[in-house]
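S.K.: I'm passing along final-v1.txt; it holds compact mmCIF, C-alpha atoms.
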```txt
# COMPACT_ATOMS: atom_id res chain seq x y z
CA ASN G 6 112.64 -106.85 -29.99
CA GLY G 7 113.58 -109.00 -32.97
CA ILE G 8 114.54 -106.16 -35.30
CA THR G 9 117.87 -104.83 -34.05
CA GLY G 10 121.20 -106.48 -34.78
CA THR G 11 124.94 -105.91 -34.66
CA VAL G 12 126.62 -104.67 -37.85
CA ALA G 13 130.06 -106.24 -38.27
CA ILE G 14 132.79 -106.86 -40.81
CA HIS G 15 133.68 -110.52 -41.19
CA ASP G 16 137.25 -111.34 -42.20
CA LEU G 17 137.23 -114.50 -44.31
CA ALA G 18 140.89 -115.30 -43.67
CA SER G 19 140.78 -115.09 -39.88
CA ALA G 20 137.03 -115.77 -39.40
CA GLN G 21 137.00 -112.80 -37.01
CA ASP G 22 134.16 -110.28 -36.70
CA THR G 23 134.72 -106.57 -36.10
CA PRO G 24 131.57 -104.90 -34.71
CA LEU G 25 130.96 -101.43 -36.14
CA GLY G 26 130.04 -98.56 -33.85
CA LYS G 27 130.19 -100.64 -30.68
CA ASP G 28 131.01 -97.59 -28.56
CA TRP G 29 128.82 -95.17 -30.55
CA ASN G 30 125.44 -94.13 -29.17
CA GLY G 31 123.71 -93.96 -32.56
CA SER G 32 122.36 -96.49 -35.05
CA LEU G 33 123.68 -97.38 -38.51
CA ARG G 34 121.17 -97.46 -41.37
CA ASP G 35 123.34 -97.86 -44.47
CA LEU G 36 127.04 -98.52 -45.18
CA GLN G 37 129.17 -98.37 -48.31
CA TRP G 38 132.83 -99.23 -48.82
CA ARG G 39 135.20 -96.52 -49.99
CA SER G 40 137.69 -97.12 -52.78
CA ASP G 41 140.59 -97.55 -50.32
CA GLY G 42 139.04 -100.76 -48.97
CA ARG G 43 139.94 -99.75 -45.40
CA SER G 44 137.04 -97.48 -44.50
CA LEU G 45 133.34 -97.00 -45.06
CA THR G 46 130.86 -94.18 -45.32
CA GLY G 47 127.82 -94.71 -43.15
CA LEU G 48 124.38 -93.19 -42.87
CA GLY G 49 123.39 -93.22 -39.24
CA PHE G 50 120.85 -91.84 -36.82
CA GLU G 51 121.63 -90.28 -33.44
CA ASP G 52 119.20 -88.66 -31.01
CA LEU G 53 116.73 -86.92 -33.37
CA SER G 54 118.77 -86.49 -36.55
CA PRO G 55 120.22 -88.59 -39.37
CA LEU G 56 123.89 -88.02 -40.06
CA PHE G 57 126.76 -89.24 -42.18
CA VAL G 58 129.66 -90.93 -40.43
CA ASP G 59 133.12 -92.27 -41.20
CA VAL G 60 133.74 -95.88 -40.19
CA ASP G 61 137.19 -97.42 -39.70
CA ALA G 62 137.06 -100.99 -40.99
CA THR G 63 139.93 -102.13 -38.77
CA SER G 64 138.70 -100.87 -35.41
CA GLY G 65 134.99 -100.40 -36.14
CA LYS G 66 135.17 -96.86 -34.76
CA VAL G 67 132.43 -94.50 -35.93
CA THR G 68 133.24 -90.80 -36.32
CA PRO G 69 130.31 -88.44 -36.97
CA ARG G 70 130.79 -86.34 -40.09
CA PHE G 71 127.77 -84.06 -40.63
CA ALA G 72 124.07 -84.08 -39.77
CA ILE G 73 121.14 -83.73 -42.14
CA LYS G 74 117.35 -83.65 -41.71
CA GLY G 75 114.57 -85.92 -42.83
CA ASP G 76 114.32 -89.69 -42.62
CA PRO G 77 116.70 -91.27 -45.18
CA TYR G 78 117.76 -94.90 -45.11
CA GLU G 79 120.11 -95.08 -48.10
CA PHE G 80 122.51 -93.03 -50.21
CA SER G 81 124.74 -93.22 -53.29
CA GLN G 82 128.50 -92.62 -53.18
CA ALA G 83 130.81 -91.74 -56.07
CA GLY G 84 134.48 -92.66 -56.26
CA ASP G 85 135.50 -89.17 -55.14
CA ARG G 86 133.29 -89.59 -52.01
CA THR G 87 130.57 -87.28 -53.33
CA LEU G 88 127.27 -88.34 -51.77
CA ALA G 89 123.76 -88.19 -53.20
CA PHE G 90 120.78 -88.71 -50.91
CA VAL G 91 117.17 -87.72 -50.27
CA ALA G 92 116.59 -85.39 -47.32
CA SER G 93 114.26 -82.66 -46.14
CA THR G 94 114.22 -79.59 -43.88
CA ARG G 95 111.58 -78.35 -41.47
CA GLN G 96 110.23 -76.10 -44.23
CA GLN G 97 110.82 -78.23 -47.35
CA PRO G 98 109.70 -81.80 -48.19
CA GLU G 99 112.11 -84.44 -49.37
CA GLU G 100 114.41 -83.48 -52.25
CA VAL G 101 117.63 -84.79 -53.78
CA TRP G 102 120.76 -83.44 -52.09
CA LEU G 103 124.44 -83.61 -53.02
CA SER G 104 127.42 -83.41 -50.69
CA SER G 105 131.13 -83.01 -51.26
CA GLY G 106 133.13 -82.91 -48.05
CA ASN G 107 130.99 -81.94 -45.07
CA LYS G 108 128.62 -79.52 -46.78
CA ALA G 109 125.40 -80.42 -48.58
CA ARG G 110 123.26 -78.57 -51.11
CA VAL G 111 119.80 -79.30 -52.42
CA LEU G 112 119.51 -80.09 -56.15
CA THR G 113 115.76 -80.37 -56.76
CA ASP G 114 112.66 -78.34 -55.96
CA THR G 115 109.67 -80.57 -56.64
CA ASN G 116 107.21 -78.95 -54.21
CA PRO G 117 107.67 -75.16 -54.53
CA GLN G 118 104.07 -74.58 -53.45
CA VAL G 119 104.89 -75.24 -49.80
CA ARG G 120 106.69 -71.90 -49.57
CA ASP G 121 103.26 -70.26 -49.62
CA TRP G 122 101.86 -72.44 -46.84
CA GLN G 123 101.55 -71.44 -43.21
CA LEU G 124 103.61 -74.20 -41.64
CA GLY G 125 103.60 -75.52 -38.12
CA LYS G 126 106.44 -74.85 -35.69
CA LEU G 127 108.61 -77.87 -34.87
CA GLU G 128 110.45 -78.15 -31.56
CA THR G 129 112.61 -80.81 -29.93
CA MET G 130 111.83 -81.80 -26.37
CA GLN G 131 113.09 -83.94 -23.51
CA TRP G 132 111.39 -85.40 -20.46
CA ARG G 133 112.23 -87.93 -17.77
CA SER G 134 110.80 -91.40 -17.18
CA SER G 135 108.74 -91.62 -14.00
CA ARG G 136 109.85 -95.24 -13.51
CA ASP G 137 113.63 -95.19 -13.82
CA GLY G 138 114.64 -91.60 -14.61
CA THR G 139 115.70 -92.30 -18.22
CA ILE G 140 115.99 -89.10 -20.28
CA LEU G 141 113.65 -89.39 -23.24
CA GLN G 142 113.38 -87.42 -26.46
CA GLY G 143 110.78 -86.47 -29.00
CA LEU G 144 109.40 -83.82 -31.32
CA LEU G 145 106.54 -81.39 -30.90
CA MET G 146 104.73 -79.70 -33.77
CA LEU G 147 102.61 -76.66 -32.89
CA PRO G 148 100.24 -74.64 -35.06
CA ALA G 149 101.75 -71.47 -36.48
CA ASP G 150 99.46 -69.34 -34.29
CA ALA G 151 99.99 -71.29 -31.03
CA ARG G 152 100.24 -69.04 -27.97
CA PRO G 153 102.07 -69.86 -24.72
CA GLY G 154 99.71 -70.72 -21.88
CA HIS G 155 96.83 -71.65 -24.20
CA PRO G 156 96.50 -75.49 -24.14
CA LEU G 157 95.73 -77.14 -27.47
CA LYS G 158 93.84 -80.20 -28.60
CA ALA G 159 96.53 -82.75 -29.39
CA LEU G 160 97.46 -85.98 -31.11
CA VAL G 161 100.19 -88.22 -29.76
CA GLN G 162 101.61 -89.97 -32.82
CA ILE G 163 103.56 -93.20 -32.28
CA HIS G 164 106.14 -94.27 -34.86
CA GLY G 165 106.36 -97.75 -36.35
CA GLY G 166 108.97 -100.38 -35.71
CA PRO G 167 109.24 -100.22 -32.76
CA TYR G 168 112.87 -99.97 -33.90
CA ASP G 169 112.49 -96.67 -35.73
CA ALA G 170 112.30 -93.05 -34.62
CA TRP G 171 110.78 -89.68 -35.35
CA SER G 172 113.36 -87.55 -37.15
CA ASP G 173 113.78 -83.78 -37.26
CA GLY G 174 112.62 -82.65 -40.69
CA TRP G 175 109.51 -82.10 -42.80
CA LEU G 176 107.02 -84.47 -41.09
CA GLY G 177 104.26 -84.29 -43.66
CA SER G 178 103.33 -87.50 -45.51
CA TRP G 179 100.91 -90.42 -45.49
CA HIS G 180 102.32 -91.60 -42.15
CA ASN G 181 103.82 -88.33 -40.84
CA TRP G 182 100.73 -86.33 -39.96
CA ALA G 183 102.23 -83.48 -37.97
CA GLN G 184 102.20 -80.67 -40.55
CA MET G 185 98.67 -81.52 -41.70
CA LEU G 186 97.25 -81.60 -38.19
CA ALA G 187 99.11 -78.45 -37.11
CA GLY G 188 97.39 -76.71 -40.00
CA HIS G 189 94.07 -77.70 -38.40
CA GLY G 190 94.99 -76.34 -34.97
CA TYR G 191 96.39 -79.46 -33.31
CA ALA G 192 99.56 -79.91 -31.31
CA VAL G 193 101.27 -83.15 -32.40
CA PHE G 194 103.58 -84.90 -29.95
CA MET G 195 105.96 -87.47 -31.47
CA PRO G 196 107.82 -89.40 -28.75
CA ASN G 197 110.79 -91.73 -29.24
CA PRO G 198 110.26 -94.10 -26.29
CA ARG G 199 112.59 -96.94 -25.35
CA GLY G 200 112.78 -99.37 -28.24
CA SER G 201 113.52 -96.55 -30.71
CA ASP G 202 116.76 -96.25 -32.67
CA GLY G 203 119.32 -93.48 -32.38
CA ARG G 204 120.18 -94.06 -28.72
CA GLY G 205 122.37 -97.16 -28.85
CA ASP G 206 121.75 -100.91 -28.65
CA ALA G 207 120.65 -101.08 -25.01
CA PHE G 208 117.97 -98.43 -25.49
CA ALA G 209 116.78 -100.12 -28.70
CA ALA G 210 116.36 -103.47 -26.94
CA ALA G 211 114.82 -102.02 -23.77
CA ASN G 212 111.24 -102.88 -24.73
CA ALA G 213 111.96 -106.44 -25.89
CA GLY G 214 109.20 -108.63 -24.48
CA ASP G 215 107.57 -105.54 -22.97
CA TRP G 216 105.48 -103.97 -25.74
CA GLY G 217 103.05 -101.63 -24.00
CA GLY G 218 104.98 -101.66 -20.72
CA ASN G 219 107.76 -99.16 -20.06
CA ASP G 220 107.59 -97.79 -23.60
CA PHE G 221 103.91 -96.89 -23.14
CA GLN G 222 104.75 -95.31 -19.79
CA ASP G 223 107.44 -93.24 -21.56
CA VAL G 224 104.70 -91.89 -23.83
CA LEU G 225 102.38 -91.15 -20.91
CA ASP G 226 105.18 -89.33 -19.08
CA GLY G 227 105.72 -87.13 -22.15
CA VAL G 228 102.03 -86.24 -22.27
CA THR G 229 102.11 -85.41 -18.56
CA ALA G 230 105.07 -83.08 -19.15
CA LEU G 231 103.18 -81.27 -21.93
CA GLU G 232 100.09 -80.93 -19.78
CA ALA G 233 102.18 -79.47 -16.95
CA LYS G 234 103.53 -76.83 -19.36
CA ARG G 235 99.96 -76.01 -20.48
CA ILE G 236 100.78 -76.97 -24.07
CA VAL G 237 98.25 -79.80 -24.28
CA ASP G 238 94.62 -79.76 -23.15
CA PRO G 239 94.19 -82.95 -21.08
CA GLY G 240 90.54 -83.18 -22.10
CA HIS G 241 91.30 -83.30 -25.81
CA VAL G 242 94.12 -85.79 -26.42
CA ALA G 243 94.14 -88.53 -29.08
CA ILE G 244 96.70 -91.20 -29.92
CA GLY G 245 97.43 -92.74 -33.31
CA GLY G 246 100.03 -94.34 -35.51
CA TRP G 247 100.93 -96.89 -38.15
CA SER G 248 102.28 -100.42 -37.71
CA TYR G 249 103.81 -100.49 -34.21
CA GLY G 250 102.23 -97.06 -33.81
CA GLY G 251 98.91 -98.75 -34.51
CA TYR G 252 99.69 -101.50 -32.01
CA LEU G 253 100.49 -99.09 -29.19
CA SER G 254 97.42 -96.99 -30.04
CA ALA G 255 95.23 -100.10 -29.78
CA TRP G 256 96.98 -100.92 -26.50
CA ALA G 257 96.19 -97.41 -25.24
CA ALA G 258 92.49 -97.94 -26.00
CA GLY G 259 92.47 -100.87 -23.57
CA HIS G 260 94.52 -99.31 -20.78
CA ALA G 261 94.40 -96.28 -18.53
CA GLY G 262 95.46 -92.99 -20.04
CA PRO G 263 94.25 -89.56 -21.13
CA PHE G 264 93.28 -90.55 -24.67
CA LYS G 265 89.77 -89.89 -25.95
CA THR G 266 90.40 -91.30 -29.43
CA ALA G 267 92.72 -94.00 -30.79
CA ILE G 268 93.63 -94.21 -34.50
CA VAL G 269 94.94 -97.68 -35.32
CA GLY G 270 96.76 -98.02 -38.65
CA ALA G 271 97.95 -101.55 -39.57
CA GLY G 272 98.38 -102.42 -35.92
CA MET G 273 98.77 -105.96 -34.57
CA THR G 274 95.97 -106.66 -32.08
CA ASP G 275 96.79 -110.29 -31.26
CA LEU G 276 100.43 -111.25 -30.78
```
Please re-express this file's structure in structure tokens.
M.R.:
Amino acid sequence: NGITGTVAIHDLASAQDTPLGKDWNGSLRDLQWRSDGRSLTGLGFEDLSPLFVDVDATSGKVTPRFAIKGDPYEFSQAGDRTLAFVASTRQQPEEVWLSSGNKARVLTDTNPQVRDWQLGKLETMQWRSSRDGTILQGLLMLPADARPGHPLKALVQIHGGPYDAWSDGWLGSWHNWAQMLAGHGYAVFMPNPRGSDGRGDAFAAANAGDWGGNDFQDVLDGVTALEAKRIVDPGHVAIGGWSYGGYLSAWAAGHAGPFKTAIVGAGMTDL
């Protein structure tokens, strides 16, 4: 899709490349050398969560270290391997965190007011593609007072990229609308269709030259699964997003689907 690429170490003496994480199912977002010159610390993304990894510079092997929440793309590393990064939780917006070893602690508290808010309930979910059986993943935010068996008006929010992904965490910002809409009684479904990161190179490239094809069907299959579970009211479903999310929302407006409203943010409408 023009965004993904292979991360490798290039040896100047031998002119050989060592791909990093070739046999790992996640995606690397940031890498920093350690003082030994033989290994790296990486910030990656796998399934629905960011995580720190150890990377062997000789073999390129990636070993998961510990998972965090939020949507970080960079970090700072001290000489003693202490890490500083920005992360969130399901109940707390982004703050500065510090990690020594495999445990992390939050250092700042810039939005204490959210502890008094009635927050939505975030769940992970899986469903299967109707076309080829691929197992797909996403997130579902429900209002705090949601009751089983009572279908809700819903927004399907599409992430940008398309090489990006919804990540388990706070989900409340100018382009993460889930907490805000849950507070107004909406269910918010956030799918990671093919083309998303966190599932390996083949999955990331699976919608190359096919924007609005199988990836859009992945989204529709997720909505169908939610309707079957009586979570979503099929008569009150909207779709929206930013950048590629805007593109796919515009695509939805011109194609068959359950959507009554499309919210197009910075979407390309003529490729």
S.K.: So, with only C-alpha atoms as the atoms that count, which of G:Leu53, G:Ala72, G:Ala83, G:Ala192 lies closest to Trp38 (chain G)?
M.R.: G:Ala83
S.K.: Any idea what's packed within 12 Å of Ser40 (chain G), counting all atoms listed in the file, ignoring anything in its chain fewer than 4 positions away? Could you give it as a PyMOL selection string?
M.R.: chain G and resi 44-46+82-86
S.K.: For Thr94 (chain G), which residue out of G:Ala20, G:Pro117, G:Leu145, G:Gly174 is the nearest one, using all atoms listed in the file?
M.R.: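 Counting all atoms listed in the file, the residue closest to Thr94 (chain G) is G:Gly174.
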S.K.: In Å, rounded to a single decimal, give me how far CA of Asp202 (chain G) is from CA of Met130 (chain G).
M.R.: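 That distance, rounded to one decimal, is 16.5 Å.
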S.K.: For the atom pair CA of Gly251 (chain G) and CA of Gly188 (chain G), what is the interatomic distance in Å to one decimal place?
M.R.: 22.8 Å
S.K.: Quick one: everything within 9 Å of Gly272 (chain G), counting only C-alpha atoms, minus sequence neighbours fewer than 3 positions away in the same chain. Send it as a list of chain:residue names.
M.R.: G:Gly246, G:Trp247, G:Ser248, G:Tyr249, G:Gly250, G:Gly251, G:Tyr252, G:Leu253, G:Ser254, G:Ala255, G:Val269
S.K.: Which residue, G:Pro148, G:Gly49, G:Gly262, G:Gly200, has the smallest gap to Pro69 (chain G) when you use all atoms listed in the file?
M.R.: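 Closest to Pro69 (chain G), using all atoms listed in the file: G:Gly49.
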S.K.: Using all atoms listed in the file, which residue out of G:His164, G:Lys74, G:His15, G:Lys158 lies closest to Gly270 (chain G)?
M.R.: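 Checking each candidate against Gly270 (chain G), we get G:His164 as the closest.
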S.K.: What does the structure give for the distance between CA of Arg136 (chain G) and CA of Asn219 (chain G), in Å to one decimal?
M.R.: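 We find that CA of Arg136 (chain G) and CA of Asn219 (chain G) lie 7.9 Å from each other.
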S.K.: Smallest atom-to-atom distance to Val224 (chain G): which of G:Gly203, G:Gly47, G:Gly245, G:Pro198, using only C-alpha atoms?
M.R.: G:Pro198
S.K.: With a distance cut-off of 10 Å and all atoms listed in the file, select the neighbouring residues of Leu36 (chain G), excluding the residue or stretch itself and same-chain residues fewer than 3 positions from it, and output the selection as a VMD selection string.
M.R.: chain G and resid 12 33 39 45 to 49 57 to 60 78 to 81
S.K.: Given the choices G:Asp150, G:Glu51, G:Asp28, G:Asp223, which gets closest to Gln123 (chain G) if the distance is worked out from all atoms listed in the file?
M.R.: G:Asp150
S.K.: List every protein, DNA or RNA residue that has at least one atom no more than 8 Å from (101.0, -92.9, -16.4) in the file's coordinates, counting only C-alpha atoms, and write the result as a PyMOL selection string.
M.R.: chain G and resi 222+225-226+229+261-262
S.K.: Excluding region 206-215 of chain G and residues on its chain fewer than 4 positions from it, collect all residues at most 9 Å away from it, counting all atoms listed in the file, and give them as a PDB file with C-alpha atoms, in the coordinates of the input.
M.R.:
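The result, written out as result-v1.pdb:
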```
ATOM      1  CA  ASN G   6     112.640-106.850 -29.990  1.00  0.00           C
ATOM      2  CA  GLY G   7     113.580-109.000 -32.970  1.00  0.00           C
ATOM      3  CA  ILE G   8     114.540-106.160 -35.300  1.00  0.00           C
ATOM      4  CA  THR G   9     117.870-104.830 -34.050  1.00  0.00           C
ATOM      5  CA  GLY G  10     121.200-106.480 -34.780  1.00  0.00           C
ATOM      6  CA  THR G  11     124.940-105.910 -34.660  1.00  0.00           C
ATOM      7  CA  LYS G  27     130.190-100.640 -30.680  1.00  0.00           C
ATOM      8  CA  ASN G  30     125.440 -94.130 -29.170  1.00  0.00           C
ATOM      9  CA  GLY G  31     123.710 -93.960 -32.560  1.00  0.00           C
ATOM     10  CA  SER G  32     122.360 -96.490 -35.050  1.00  0.00           C
ATOM     11  CA  PRO G 167     109.240-100.220 -32.760  1.00  0.00           C
ATOM     12  CA  TYR G 168     112.870 -99.970 -33.900  1.00  0.00           C
ATOM     13  CA  ASP G 169     112.490 -96.670 -35.730  1.00  0.00           C
ATOM     14  CA  PRO G 198     110.260 -94.100 -26.290  1.00  0.00           C
ATOM     15  CA  ARG G 199     112.590 -96.940 -25.350  1.00  0.00           C
ATOM     16  CA  GLY G 200     112.780 -99.370 -28.240  1.00  0.00           C
ATOM     17  CA  SER G 201     113.520 -96.550 -30.710  1.00  0.00           C
ATOM     18  CA  ASP G 202     116.760 -96.250 -32.670  1.00  0.00           C
ATOM     19  CA  ASN G 219     107.760 -99.160 -20.060  1.00  0.00           C
ATOM     20  CA  ASP G 220     107.590 -97.790 -23.600  1.00  0.00           C
TER      21      ASP G 220
END
```
S.K.: Saving region 65-77 of chain G with N, CA, C and O atoms, as a short mmCIF file (atom, residue, chain, number, x, y, z; two decimals), in the first residue's frame, what would that file be?
M.R.:
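File written: result09.cif
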```cif
data_model
loop_
_atom_site.label_atom_id
_atom_site.label_comp_id
_atom_site.auth_asym_id
_atom_site.auth_seq_id
_atom_site.Cartn_x
_atom_site.Cartn_y
_atom_site.Cartn_z
N GLY G 65 18.49 -10.53 13.90
CA GLY G 65 17.25 -9.82 13.61
C GLY G 65 16.06 -10.32 14.40
O GLY G 65 14.93 -9.86 14.21
N LYS G 66 16.30 -11.28 15.32
CA LYS G 66 15.20 -11.85 16.09
C LYS G 66 14.60 -10.82 17.05
O LYS G 66 15.32 -10.09 17.74
N VAL G 67 13.28 -10.79 17.10
CA VAL G 67 12.54 -9.91 18.00
C VAL G 67 11.97 -10.74 19.15
O VAL G 67 11.31 -11.76 18.91
N THR G 68 12.23 -10.31 20.38
CA THR G 68 11.69 -10.98 21.56
C THR G 68 10.83 -9.99 22.34
O THR G 68 11.35 -8.99 22.83
N PRO G 69 9.52 -10.24 22.43
CA PRO G 69 8.66 -9.33 23.19
C PRO G 69 9.10 -9.21 24.64
O PRO G 69 9.52 -10.19 25.26
N ARG G 70 9.03 -8.00 25.16
CA ARG G 70 9.49 -7.70 26.51
C ARG G 70 8.32 -7.40 27.45
O ARG G 70 8.07 -8.13 28.38
N PHE G 71 7.58 -6.32 27.22
CA PHE G 71 6.37 -6.07 28.01
C PHE G 71 5.44 -5.16 27.22
O PHE G 71 5.88 -4.32 26.43
N ALA G 72 4.14 -5.34 27.43
CA ALA G 72 3.12 -4.58 26.72
C ALA G 72 2.72 -3.34 27.51
O ALA G 72 2.82 -3.30 28.74
N ILE G 73 2.28 -2.32 26.78
CA ILE G 73 1.74 -1.11 27.39
C ILE G 73 0.42 -0.80 26.70
O ILE G 73 -0.05 -1.58 25.87
N LYS G 74 -0.19 0.34 27.03
CA LYS G 74 -1.43 0.74 26.37
C LYS G 74 -1.28 2.15 25.81
O LYS G 74 -0.38 2.90 26.18
N GLY G 75 -2.16 2.49 24.90
CA GLY G 75 -2.08 3.78 24.25
C GLY G 75 -1.65 3.63 22.80
O GLY G 75 -1.80 2.56 22.20
N ASP G 76 -1.07 4.70 22.24
CA ASP G 76 -0.69 4.67 20.84
C ASP G 76 0.64 5.39 20.61
O ASP G 76 0.74 6.30 19.80
N PRO G 77 1.70 4.98 21.33
CA PRO G 77 3.00 5.66 21.19
C PRO G 77 3.75 5.23 19.93
O PRO G 77 3.60 4.10 19.45
#
```
